[in-house]
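Down below is the structure, laid out as structure tokens.
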Amino acid sequence: MSDTVTTTRPGYGQLLRTPGAWTYLLPGFLARQPFAMLTIGIVLLVQHTTGSYGSAGAVAAVTGVSMALFAPQSGKLADRFGQSAVLIPGVLVHTASVVTLTVLALSGAPMWALFVAAVPTGASVPQIGPMVRARWAAKLEGSPLMSTAAAFESVTDEFTFVVGPVLATALCTGVHPAAGLIAEAALTLVGGLFFAVQRRTQPQAGRLSMTDGPRVSALSVPGVRVLAGAFLGIGAVFGGMQVSLTAFSEEIGNPGANGLLYGTFAAGNMLAGIACGAIAWKVGPRRRLIVGYAALTLATSGLWAVHSVPLLAGLGLLVGLCIAPALITGYTMVEALVPASARTEAFTWLTGAVALGQAAGVTVAGRLADANGASAGFLVPLVGTALALTTLVALRSRLAPKVPGRVTARGVSHRVPVTVD
């Protein structure tokens with residue numbers, strides 16, 4: 001048997017032939033759809049009932065902050081007790097919380113009541129994406145297929161962000177302002193339970209390998225903290241774009257354009273993700289991460305100055321194209337930085353950071369849009385990515401793995417140095 005390490009990137013076809021993969025990919029795809037519907041559903045409903053983008057953004061922000069704070073705890077519990085044990089009660093709580101928030105908004109409840117209801121709504125968001133990534137990591141640990149899996153998951157996430165906001169917007173504007181959130185709750189209940197029963201492919205709960213050492217929190221790893229800080233910037237792009245595109249569509253008297261514009265933005269992200277998964281990179285992940293954030297900062301710099309739908313759609317597509325490489329690279333680096341016993345938690349820290357950045361972006365962009373129009377709201381993605389890029393450049397040394405990584409070729413496991421630059 002040859003010990004030669006394969007240097008080319010395995011393709012999507014090889015990845016999808018991984019034994020047992022489809023048993024969690026299909027239910028995982030269904031279960032993650034509501035995630036992309038939640039924020040925009042809240043913004044559209046609360047803006048309809050209060051007439052204020054600032055109020056709508058604030059309620060959505062509370063949901064995002066709550067998710068960012070509780071998601072890592074959910075990931076830690078999943079690592080320890082198993083994904084199903086955490087997911088089933090979480091799905092039930094989330095469904096009840098979304099229904100409560102919807103009823104309060106429609107009944108004209110005071111803002112404090114909406115804020116209170118938003119806390120369990122965000123805290124109970126099912127962490128399907130991190131759980132699927134953890135299943136890939138358990139199956140492919142040390143394999144060059146891990147980078148392909150990270151790209152595939154990014155594409156799946158972005159396809160979700162193409163479908164979810166468009167669906168929520170269509171339901172809210174064409175059926176009823178609350179229809180988006182009601183659909184989110186229904187999909188969470190059905191999809192989440194369907195995913196939870198796929199127990200055979202979930203990582204073994206509470207298991208520590210011989211090389212993992214004592215159980216540690218993923219946040220104790222310096223590289224995870226740096227990545228989480230950088231992912232705040234990507235969250236600011238998502239949040240700022242959602243509110244600002246909504247405000248822009250209202251300003252031009254065409255609310256239905258919001259779904260098209262955001263869908264185009266998400267489509268760019270999805271297309272870039274497909275391309276990233278097909279490339280055998282010769283540049284190390286740390287350098288790719290910094291270059292990706294630099295490109296994203298440049299792409300967001302012109303959003304505030306665009307005032308036509310075609311131009312904004314084109315620039316939004318470009319912004320989307322720049323997001324996927326940064327996200328994929330960050331998620332891929334987790335395998336080299338974090339022991340297997342804490343990877344679900346690590347993935348939820350990154351997902352939570354995106355949610356927290358999105359919450360901040362929604363809040364600030366909502367206030368700016370109320371006071372100065374949509375153009376001011378588009379400054380949020382630029383500032384968020386510029387700060388994230390500064391953080392990456394200043395702390396890039398912390399993204400180097402402390403131990404060698406493993407590469408598996410033709411079933412043989414090796415210890416080889418990890419390329420980070």
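To be explicit about the labels: the chains of the structure tokens are called A, B, and onward in the order shown, and within each one the residues are counted from 1, while ligands get numbers from 1 in the order they are shown.
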Find the residues around Val383 (chain A) up to 10 Å (only C-alpha atoms counted), leave out those fewer than 4 positions away in its own chain, and share them as a PDB file with N, CA, C and O atoms, in the first residue's frame.
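Now in out.pdb:
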```
ATOM      1  N   GLY A 233     -17.449  40.152  11.718  1.00  0.00           N
ATOM      2  CA  GLY A 233     -17.514  41.025  10.546  1.00  0.00           C
ATOM      3  C   GLY A 233     -18.416  40.472   9.470  1.00  0.00           C
ATOM      4  O   GLY A 233     -19.171  41.211   8.823  1.00  0.00           O
ATOM      5  N   ALA A 236     -21.890  41.111  10.440  1.00  0.00           N
ATOM      6  CA  ALA A 236     -22.277  42.501  10.187  1.00  0.00           C
ATOM      7  C   ALA A 236     -22.687  42.706   8.741  1.00  0.00           C
ATOM      8  O   ALA A 236     -23.570  43.520   8.440  1.00  0.00           O
ATOM      9  N   VAL A 237     -22.052  41.962   7.829  1.00  0.00           N
ATOM     10  CA  VAL A 237     -22.446  42.041   6.419  1.00  0.00           C
ATOM     11  C   VAL A 237     -23.863  41.506   6.241  1.00  0.00           C
ATOM     12  O   VAL A 237     -24.718  42.154   5.624  1.00  0.00           O
ATOM     13  N   THR A 297     -13.814  43.590   2.247  1.00  0.00           N
ATOM     14  CA  THR A 297     -13.830  45.003   2.656  1.00  0.00           C
ATOM     15  C   THR A 297     -13.898  45.919   1.441  1.00  0.00           C
ATOM     16  O   THR A 297     -14.652  46.894   1.423  1.00  0.00           O
ATOM     17  N   THR A 300     -17.466  45.815  -0.189  1.00  0.00           N
ATOM     18  CA  THR A 300     -18.528  46.510   0.548  1.00  0.00           C
ATOM     19  C   THR A 300     -18.362  48.029   0.550  1.00  0.00           C
ATOM     20  O   THR A 300     -19.284  48.747   0.958  1.00  0.00           O
ATOM     21  N   SER A 301     -17.218  48.508   0.099  1.00  0.00           N
ATOM     22  CA  SER A 301     -16.928  49.940   0.217  1.00  0.00           C
ATOM     23  C   SER A 301     -17.811  50.822  -0.666  1.00  0.00           C
ATOM     24  O   SER A 301     -17.935  52.021  -0.420  1.00  0.00           O
ATOM     25  N   GLY A 361     -25.237  44.300  13.374  1.00  0.00           N
ATOM     26  CA  GLY A 361     -25.458  44.915  12.069  1.00  0.00           C
ATOM     27  C   GLY A 361     -26.902  45.318  11.853  1.00  0.00           C
ATOM     28  O   GLY A 361     -27.191  46.406  11.334  1.00  0.00           O
ATOM     29  N   PHE A 378     -25.918  50.939   4.655  1.00  0.00           N
ATOM     30  CA  PHE A 378     -24.932  50.153   3.916  1.00  0.00           C
ATOM     31  C   PHE A 378     -23.500  50.404   4.391  1.00  0.00           C
ATOM     32  O   PHE A 378     -22.573  49.705   3.953  1.00  0.00           O
ATOM     33  N   LEU A 379     -23.296  51.370   5.273  1.00  0.00           N
ATOM     34  CA  LEU A 379     -21.960  51.571   5.842  1.00  0.00           C
ATOM     35  C   LEU A 379     -21.600  50.483   6.845  1.00  0.00           C
ATOM     36  O   LEU A 379     -20.417  50.258   7.131  1.00  0.00           O
ATOM     37  N   LEU A 387     -12.997  46.216  10.407  1.00  0.00           N
ATOM     38  CA  LEU A 387     -12.544  45.898  11.763  1.00  0.00           C
ATOM     39  C   LEU A 387     -12.095  44.440  11.860  1.00  0.00           C
ATOM     40  O   LEU A 387     -11.100  44.127  12.528  1.00  0.00           O
ATOM     41  N   ALA A 388     -12.823  43.539  11.187  1.00  0.00           N
ATOM     42  CA  ALA A 388     -12.444  42.125  11.209  1.00  0.00           C
ATOM     43  C   ALA A 388     -11.090  41.910  10.527  1.00  0.00           C
ATOM     44  O   ALA A 388     -10.252  41.135  11.010  1.00  0.00           O
ATOM     45  N   LEU A 389     -10.869  42.585   9.410  1.00  0.00           N
ATOM     46  CA  LEU A 389      -9.590  42.469   8.705  1.00  0.00           C
ATOM     47  C   LEU A 389      -8.447  42.961   9.587  1.00  0.00           C
ATOM     48  O   LEU A 389      -7.383  42.327   9.655  1.00  0.00           O
TER      49      LEU A 389
END
```
Alpha helix (DSSP H) per DSSP on the backbone: members of region 211-402 of chain A, as a tab-separated table (two decimals) with C-alpha atoms, in the first residue's frame:
```tsv
chain	number	residue	atom	x	y	z
A	222	PRO	CA	-6.52	31.31	20.83
A	223	GLY	CA	-7.19	30.63	17.15
A	224	VAL	CA	-10.89	30.04	17.82
A	225	ARG	CA	-11.14	33.42	19.55
A	226	VAL	CA	-9.50	35.13	16.58
A	227	LEU	CA	-11.79	33.38	14.10
A	228	ALA	CA	-14.84	34.25	16.18
A	229	GLY	CA	-13.80	37.91	16.16
A	230	ALA	CA	-13.34	37.79	12.40
A	231	PHE	CA	-16.71	36.10	11.88
A	232	LEU	CA	-18.38	39.03	13.66
A	233	GLY	CA	-17.51	41.02	10.55
A	234	ILE	CA	-19.26	38.55	8.27
A	235	GLY	CA	-22.30	38.70	10.54
A	236	ALA	CA	-22.28	42.50	10.19
A	237	VAL	CA	-22.45	42.04	6.42
A	238	PHE	CA	-25.47	39.74	6.67
A	239	GLY	CA	-27.30	41.97	9.17
A	240	GLY	CA	-26.47	45.23	7.45
A	241	MET	CA	-27.48	43.88	4.05
A	242	GLN	CA	-30.81	42.49	5.28
A	243	VAL	CA	-32.01	45.73	6.85
A	244	SER	CA	-30.50	48.09	4.28
A	245	LEU	CA	-31.86	46.14	1.29
A	246	THR	CA	-35.30	46.11	2.93
A	247	ALA	CA	-35.12	49.85	3.55
A	248	PHE	CA	-33.88	50.48	0.00
A	249	SER	CA	-36.78	48.48	-1.47
A	250	GLU	CA	-39.25	50.49	0.60
A	251	GLU	CA	-37.64	53.77	-0.47
A	257	ALA	CA	-37.40	43.76	-4.78
A	258	ASN	CA	-35.94	42.95	-1.36
A	259	GLY	CA	-36.12	39.20	-1.87
A	260	LEU	CA	-34.55	39.47	-5.32
A	261	LEU	CA	-31.71	41.68	-4.11
A	262	TYR	CA	-30.90	39.57	-1.07
A	263	GLY	CA	-31.23	36.40	-3.10
A	264	THR	CA	-28.69	37.75	-5.61
A	265	PHE	CA	-26.31	38.59	-2.78
A	266	ALA	CA	-26.66	35.07	-1.32
A	267	ALA	CA	-26.33	33.50	-4.78
A	268	GLY	CA	-22.89	35.10	-5.15
A	269	ASN	CA	-21.88	33.49	-1.89
A	270	MET	CA	-23.16	30.11	-3.05
A	271	LEU	CA	-21.36	30.28	-6.42
A	272	ALA	CA	-18.09	31.21	-4.75
A	273	GLY	CA	-18.51	28.33	-2.33
A	274	ILE	CA	-18.90	25.87	-5.20
A	275	ALA	CA	-15.73	27.20	-6.80
A	276	CYS	CA	-13.75	27.07	-3.54
A	277	GLY	CA	-14.62	23.42	-3.07
A	278	ALA	CA	-13.30	22.56	-6.53
A	285	PRO	CA	-5.46	28.95	4.87
A	286	ARG	CA	-4.18	31.82	7.01
A	287	ARG	CA	-3.12	33.85	3.99
A	288	ARG	CA	-6.34	32.97	2.16
A	289	LEU	CA	-8.35	34.18	5.14
A	290	ILE	CA	-6.64	37.59	5.19
A	291	VAL	CA	-6.91	38.01	1.42
A	292	GLY	CA	-10.57	37.03	1.55
A	293	TYR	CA	-11.37	39.65	4.17
A	294	ALA	CA	-9.43	42.30	2.26
A	295	ALA	CA	-11.49	41.54	-0.85
A	296	LEU	CA	-14.72	41.62	1.15
A	297	THR	CA	-13.83	45.00	2.66
A	298	LEU	CA	-13.14	46.39	-0.80
A	299	ALA	CA	-16.39	44.98	-2.21
A	300	THR	CA	-18.53	46.51	0.55
A	309	VAL	CA	-31.65	48.11	-8.45
A	310	PRO	CA	-29.43	46.66	-11.23
A	311	LEU	CA	-26.26	48.24	-9.84
A	312	LEU	CA	-27.09	47.24	-6.28
A	313	ALA	CA	-27.82	43.68	-7.41
A	314	GLY	CA	-24.47	43.54	-9.23
A	315	LEU	CA	-22.51	44.89	-6.29
A	316	GLY	CA	-24.43	42.63	-3.90
A	317	LEU	CA	-23.43	39.67	-6.07
A	318	LEU	CA	-19.78	40.75	-5.80
A	319	VAL	CA	-20.04	41.06	-2.01
A	320	GLY	CA	-21.53	37.58	-1.87
A	321	LEU	CA	-18.71	36.18	-4.00
A	322	CYS	CA	-16.21	37.48	-1.43
A	323	ILE	CA	-17.90	35.99	1.66
A	324	ALA	CA	-17.72	32.26	0.92
A	325	PRO	CA	-13.90	32.00	0.70
A	326	ALA	CA	-13.52	33.61	4.12
A	327	LEU	CA	-16.22	31.44	5.73
A	328	ILE	CA	-14.96	28.19	4.21
A	329	THR	CA	-11.36	28.86	5.21
A	330	GLY	CA	-12.32	29.71	8.77
A	331	TYR	CA	-14.40	26.57	9.23
A	332	THR	CA	-11.68	24.42	7.64
A	333	MET	CA	-9.08	25.69	10.13
A	334	VAL	CA	-11.10	24.34	13.07
A	335	GLU	CA	-9.94	20.75	12.46
A	336	ALA	CA	-6.28	21.75	12.88
A	337	LEU	CA	-6.90	24.10	15.81
A	343	ARG	CA	-15.38	20.66	17.63
A	344	THR	CA	-19.17	21.00	17.78
A	345	GLU	CA	-18.65	23.70	20.39
A	346	ALA	CA	-16.02	25.39	18.19
A	347	PHE	CA	-18.35	25.41	15.19
A	348	THR	CA	-21.14	26.90	17.33
A	349	TRP	CA	-18.81	29.65	18.56
A	350	LEU	CA	-18.19	30.63	14.95
A	351	THR	CA	-21.87	30.38	14.04
A	352	GLY	CA	-22.72	32.33	17.18
A	353	ALA	CA	-20.20	35.01	16.24
A	354	VAL	CA	-21.91	35.40	12.87
A	355	ALA	CA	-25.25	35.71	14.68
A	356	LEU	CA	-23.86	38.29	17.11
A	357	GLY	CA	-22.35	40.31	14.28
A	358	GLN	CA	-25.65	40.03	12.44
A	359	ALA	CA	-27.49	41.28	15.53
A	360	ALA	CA	-25.20	44.29	15.81
A	361	GLY	CA	-25.46	44.92	12.07
A	362	VAL	CA	-29.26	44.75	12.12
A	363	THR	CA	-29.46	47.14	15.07
A	364	VAL	CA	-27.03	49.75	13.80
A	365	ALA	CA	-28.21	49.58	10.20
A	366	GLY	CA	-31.83	49.88	11.37
A	367	ARG	CA	-31.06	53.04	13.34
A	368	LEU	CA	-29.07	54.53	10.48
A	369	ALA	CA	-31.78	53.68	7.94
A	370	ASP	CA	-34.46	55.28	10.12
A	371	ALA	CA	-32.43	58.46	10.55
A	372	ASN	CA	-30.63	58.84	7.22
A	374	ALA	CA	-30.80	53.04	3.31
A	375	SER	CA	-27.49	54.46	2.07
A	376	ALA	CA	-26.34	55.06	5.64
A	377	GLY	CA	-27.26	51.50	6.59
A	379	LEU	CA	-21.96	51.57	5.84
A	380	VAL	CA	-22.38	48.80	8.42
A	381	PRO	CA	-20.98	45.97	6.23
A	382	LEU	CA	-17.95	48.11	5.35
A	383	VAL	CA	-17.10	49.03	8.94
A	384	GLY	CA	-17.67	45.47	10.19
A	385	THR	CA	-15.38	43.84	7.64
A	386	ALA	CA	-12.70	46.50	8.00
A	387	LEU	CA	-12.54	45.90	11.76
A	388	ALA	CA	-12.44	42.12	11.21
A	389	LEU	CA	-9.59	42.47	8.70
A	390	THR	CA	-7.63	44.59	11.19
A	391	THR	CA	-8.13	41.92	13.85
A	392	LEU	CA	-6.91	39.14	11.56
A	393	VAL	CA	-3.80	41.00	10.50
A	394	ALA	CA	-2.91	41.95	14.08
```
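CA of Arg17 (chain A) to CA of Val132 (chain A) spans 15.8 Å [interatomic distance, one decimal].
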I want to know what sits within 12 Å of Trp112 (chain A), based on only C-alpha atoms, with residues of the same chain fewer than 6 positions away left out; could you give that as a count of residues only?
9
Could you list, as JSON, numbers by chain, every residue within 8 Å of Gly256 (chain A), counting only C-alpha atoms and ignoring same-chain residues fewer than 5 positions away?
{"A": [169, 170, 173, 249]}
With C-alpha atoms retained, could you export that selection as a compact mmCIF listing (two decimals), in the first residue's frame?
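Listed below is the output, part-v6.txt:
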```txt
# COMPACT_ATOMS: atom_id res chain seq x y z
CA THR A 169 -40.18 37.86 2.17
CA ALA A 170 -42.67 36.37 -0.28
CA THR A 173 -45.47 40.53 1.61
CA SER A 249 -36.78 48.48 -1.47
```
So that I can see what lies close to Thr201 (chain A), please list as a PyMOL selection string the residues with an atom at most 8 Å from it, counting only C-alpha atoms and leaving out residues fewer than 2 positions away in the same chain.
chain A and resi 20-21+23-24+135+198-199+203
For CA of Gln202 (chain A) and CA of Ala78 (chain A), the interatomic separation in Å (one decimal):
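Between these atoms lies a distance of 9.6 Å.
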Residue nearest Pro89 (chain A) among A:Val125, A:Ala31, A:Met131, A:Leu25 (counting only C-alpha atoms):
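Looking only at the distances to Pro89 (chain A), the closest residue turns out to be A:Val125.
For the pair CA of Pro165 (chain A) and CA of Gly13 (chain A), the interatomic distance is 28.7 Å.
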Enumerate, as an MDAnalysis selection string, the complete set of residues in region 242-419 of chain A that a backbone-based DSSP assignment places in strand (DSSP E or B).
chainID A and resid 405:409 412:416
Can you tell me, as a ChimeraX atom specification, what residues are no more than 12 Å from Ile128 (chain A) when counting only C-alpha atoms, ignoring any on the same chain fewer than 3 positions away?
/A:24-36,71,74-75,78,83-84,86-88,90-91,124-125,131-135,153,156-157,188,191-196,202,344,347-348,351
